[in-house]
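Right, one structure below, let's go through it.
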Protein chains: 2
Amino acid sequence: MTDDFPRAGADAREPPAVAVVGAETPGNVGTIARSMKNFGFESLLLVDPPPLDPDGEAYGYAGQAREDVLPNATEIAFDQLVTEYHTIGCTAVPNEDDRSHVRYPFSTPAELAERLPTVDASTALVFGRERVGLHNDELERMDEVCAIPANPAYPVLNLGQAATVTLYELRELALETTQLPDVERTRAPEPAIERCVERWQALLAAINHPDEKRAKATRLFRRVLGRADPTEREVRTLTGILRRATERPDLRDGDGEP
Amino acid sequence: MTDDFPRAGADAREPPAVAVVGAETPGNVGTIARSMKNFGFESLLLVDPPPLDPDGEAYGYAGQAREDVLPNATEIAFDQLVTEYHTIGCTAVPNEDDRSHVRYPFSTPAELAERLPTVDASTALVFGRERVGLHNDELERMDEVCAIPANPAYPVLNLGQAATVTLYELRELALETTQLPDVERTRAPEPAIERCVERWQALLAAINHPDEKRAKATRLFRRVLGRADPTEREVRTLTGILRRATERPDLRDGDGEP
């Protein structure tokens with residue numbers, strides 16, 4: 001009953017690491033750790049991190065990631081990061097064309113999600129410091145550039161939000177399943193929907209709905225049901241109510257008319 | 001040179017409003033306001049908000065949304081919200097099947113993005129308070145339920161992160177363009193790539209690469225170029241370098257061998 005999708009590549013393949021360069025606010029590191037755990041990522045690399053006091057904001061913002069992602073974070077030098085990992089530098093402000101390759105070409109997170117599963121190498125998603133992001137001399141050393149599509153009038157996301165959106169898009173690299181049950185499998189079976197539509201037709205007949213309008217009213221009902229992808233329970237409840245509305249046992253049982 | 005996509009529906013249609021019910025932390029309200037502006041949303045509705053001091057955390061976290069989204073936020077009663085809007089309640093914990101309809105069926109943000117453009121009605125995305133989210137008696141009054149796919153072991157996102165992911169997925173309801181230039185249009189034209197491959201072949205000949213291996217080495221080069229979607233400038237630079245590597249003017253000009 002879970003929302004399965006194939007795990008990218010071989011089981012031995014690790015999901016990308018997340019590297020944060022020069023964060024100033026411990027709370028942002030905690031927020032990123034929490035989002036990592038929300039989307040199944042485990043390896044957090046910190047370049048020049050702020051102090052992460054176990055009683056401070058980083059742990060306060062990390063939610064359950066305070067138990068694993070955050071205490072297991074690794075401090076790493078920038079040189080080591082670019083040497084040991086296939087690095088993907090995230091920036092809100094890519095170059096507009098190929099006059100400079102520091103921030104161009106770039107991929108969106110959705111494009112990365114399509115392509116990364118075929119890359120069998122240690123990969124790190126690299127996020128820069130608050131306010132200014134990654135410096136040009138840092139981006140220059142990245143293997144790829146990633147940018148989140150946003151409002152041209154204000155494309156600069158908060159550091160924690162940028163990481164969250166990117167990890168959300170790449171979740172299938174890290175998660176085999178999600179918490180969501182599979183809705184499609186529980187949509188009412190077609191015969192149940194047909195019985196409901198037949199009950200609707202019977203009701204139209206019982207209330208003497210004009211003959212020439214019944215086909216149209218039936219199609220309307222079928223389309224509303226169809227678009228709603230109703231569950232079996234919803235359809236059974238509707239069918240029962242339509243039946244009682246047609247038969248009106250309340251009017252037949254006694255002698256009273258309303 | 002911008003990443004155009006058709007605006008959902010008629011121009012007169014408003015993007016969904018964002019409603020936050022019972023937030024306790026002003027910083028979260030600010031973060032949501034900033035993400036709204038990042039993805040083009042304007043109308044922020046607050047049910048029982050915390051005090052939003054212009055010198056406090058809400059404005060501190062709002063980035064440029066401190067100039068419009070946040071000061072223009074409207075305080076609204078929960079009853080008015082459910083009466084005046086088509087409400088979509090966001091929760092991390094949907095029901096697993098149709099034994100209860102309070103949290104079931106649900107849509108993911110990506111599914112909402114597919115479907116919402118066809119809904120011509122005032123719509124509000126409703127997010128609940130920190131820690132416990134929306135209460136059951138609140139979710140019961142929503143028109144729809146939305147859930148973000150996440151780690152089954154820890155699906156509960158921070159309030160600000162949940163709103164950010166949802167708004168990111170729904171950005172095409174609110175933005176006509178993004179800040180990102182169109183990469184596809186600037187991929188090098190095929191004739192430029194062909195010239196580069198020819199230069200590669202000439203280099204193989206010049207260095208006496210074994211005859212029977214040239215076709216394979218050429219295919220390898222073509223594939224690497226192909227997967228990289230190079231820009232025209234990248235291809236021109238590579239072509240020039242291959243040409244010079246073939247001709248080695250440095251060796252021919254003088255009399256010196258290396």
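Ligands are numbered from 1 in the order shown, chains are lettered A, B, ... in the order of the structure tokens, and residues start at 1 in each chain.
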*asked:* With only C-alpha atoms considered, list every residue of chain A at most 7 Å from chain B, as a list in words.
replied: Ser35, Lys37, Asn38, Phe39, Gly40, Glu96, Asp98, Pro105, Pro149, Ala150, Asn151, Pro152, Tyr154, Pro155, Val156, Leu157, Gln161, Thr164, Val165, Leu175, Thr178, Gln179, Leu180, Pro181, Val183, Thr231 and Arg233 of chain A
Can you spit out the residues from that selection as a short mmCIF file (atom, residue, chain, number, x, y, z; two decimals), in the first residue's frame, using N, CA and C atoms?
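Saved the output as again-v1.cif:
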```
data_model
loop_
_atom_site.label_atom_id
_atom_site.label_comp_id
_atom_site.auth_asym_id
_atom_site.auth_seq_id
_atom_site.Cartn_x
_atom_site.Cartn_y
_atom_site.Cartn_z
N SER A 35 15.37 18.62 6.42
CA SER A 35 14.88 18.33 5.06
C SER A 35 15.59 17.12 4.47
N LYS A 37 16.60 14.52 6.08
CA LYS A 37 15.96 13.32 6.62
C LYS A 37 14.55 13.15 6.04
N ASN A 38 13.83 14.26 5.85
CA ASN A 38 12.50 14.17 5.24
C ASN A 38 12.53 13.51 3.87
N PHE A 39 13.61 13.71 3.13
CA PHE A 39 13.65 13.17 1.78
C PHE A 39 14.69 12.06 1.62
N GLY A 40 15.20 11.53 2.76
CA GLY A 40 16.00 10.31 2.72
C GLY A 40 17.50 10.49 2.51
N GLU A 96 23.15 34.30 -18.15
CA GLU A 96 22.06 34.30 -19.14
C GLU A 96 22.44 33.60 -20.43
N ASP A 98 26.14 31.96 -22.89
CA ASP A 98 27.44 31.31 -22.75
C ASP A 98 28.63 32.28 -22.85
N PRO A 105 26.25 26.41 -18.73
CA PRO A 105 24.83 26.11 -18.60
C PRO A 105 24.51 25.57 -17.20
N PRO A 149 13.93 27.26 -10.77
CA PRO A 149 13.12 28.27 -11.46
C PRO A 149 12.25 29.03 -10.47
N ALA A 150 12.29 30.35 -10.52
CA ALA A 150 11.55 31.17 -9.55
C ALA A 150 11.20 32.51 -10.19
N ASN A 151 10.65 33.37 -9.38
CA ASN A 151 10.15 34.68 -9.81
C ASN A 151 11.30 35.56 -10.34
N PRO A 152 11.24 35.99 -11.59
CA PRO A 152 12.33 36.83 -12.09
C PRO A 152 12.53 38.09 -11.25
N TYR A 154 12.30 38.21 -8.04
CA TYR A 154 12.90 37.88 -6.73
C TYR A 154 13.20 36.38 -6.68
N PRO A 155 14.25 35.95 -7.39
CA PRO A 155 14.52 34.51 -7.49
C PRO A 155 15.34 33.95 -6.34
N VAL A 156 15.80 34.79 -5.41
CA VAL A 156 16.74 34.32 -4.39
C VAL A 156 16.00 33.70 -3.21
N LEU A 157 16.03 32.37 -3.14
CA LEU A 157 15.42 31.67 -2.02
C LEU A 157 16.34 31.73 -0.81
N GLN A 161 15.39 26.95 2.22
CA GLN A 161 14.31 26.67 1.26
C GLN A 161 14.88 26.14 -0.04
N THR A 164 15.77 22.60 0.47
CA THR A 164 14.57 21.77 0.59
C THR A 164 13.96 21.46 -0.77
N VAL A 165 13.82 22.48 -1.61
CA VAL A 165 13.24 22.26 -2.94
C VAL A 165 14.10 21.29 -3.74
N LEU A 175 15.04 7.76 -1.67
CA LEU A 175 13.94 7.05 -1.01
C LEU A 175 13.42 5.92 -1.90
N THR A 178 7.58 6.28 -0.20
CA THR A 178 7.22 7.45 0.59
C THR A 178 6.15 7.04 1.60
N GLN A 179 5.74 8.00 2.43
CA GLN A 179 4.71 7.71 3.42
C GLN A 179 3.32 7.63 2.79
N LEU A 180 3.21 8.00 1.51
CA LEU A 180 1.88 8.12 0.92
C LEU A 180 1.37 6.78 0.40
N PRO A 181 0.16 6.42 0.80
CA PRO A 181 -0.44 5.22 0.22
C PRO A 181 -0.75 5.47 -1.25
N VAL A 183 -2.94 5.99 -4.13
CA VAL A 183 -4.34 6.38 -4.32
C VAL A 183 -4.96 5.61 -5.46
N THR A 231 -13.35 6.99 -4.01
CA THR A 231 -12.99 5.70 -3.41
C THR A 231 -14.23 4.80 -3.45
N ARG A 233 -15.62 3.36 -0.99
CA ARG A 233 -16.53 3.72 0.08
C ARG A 233 -17.39 4.92 -0.29
#
```
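Secondary structure from DSSP on the backbone puts strand (DSSP E or B) at the following positions of stretch 108-146 of chain B: Thr123, Ala124, Leu125, Val126, Phe127, Arg129, Gly133, Glu144, Val145 and Cys146 of chain B.
Reported to one decimal place, the separation of atom CA of B:Glu114 from atom CA of A:Arg223 is 17.8 Å.
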*Extract, using only C-alpha atoms, all DNA, RNA and protein residues at most 9 Å from stretch 121-123 of chain A, discarding same-chain residues fewer than 6 positions from it, and format them as a PyMOL selection string.*
chain A and resi 13-18+84-88
*Check the DSSP output for the backbone and give back, as a count of residues only, the residues of stretch 4-236 of chain B in alpha helix (DSSP H).*
87
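Going from atom CA of A:Asp79 over to atom CA of A:Val132, you cover 19.9 Å.
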_Pick from B:Pro117, B:Gly27, B:Pro249, B:Gly240, whichever lies nearest to B:Glu130 using only C-alpha atoms_ = B:Gly27
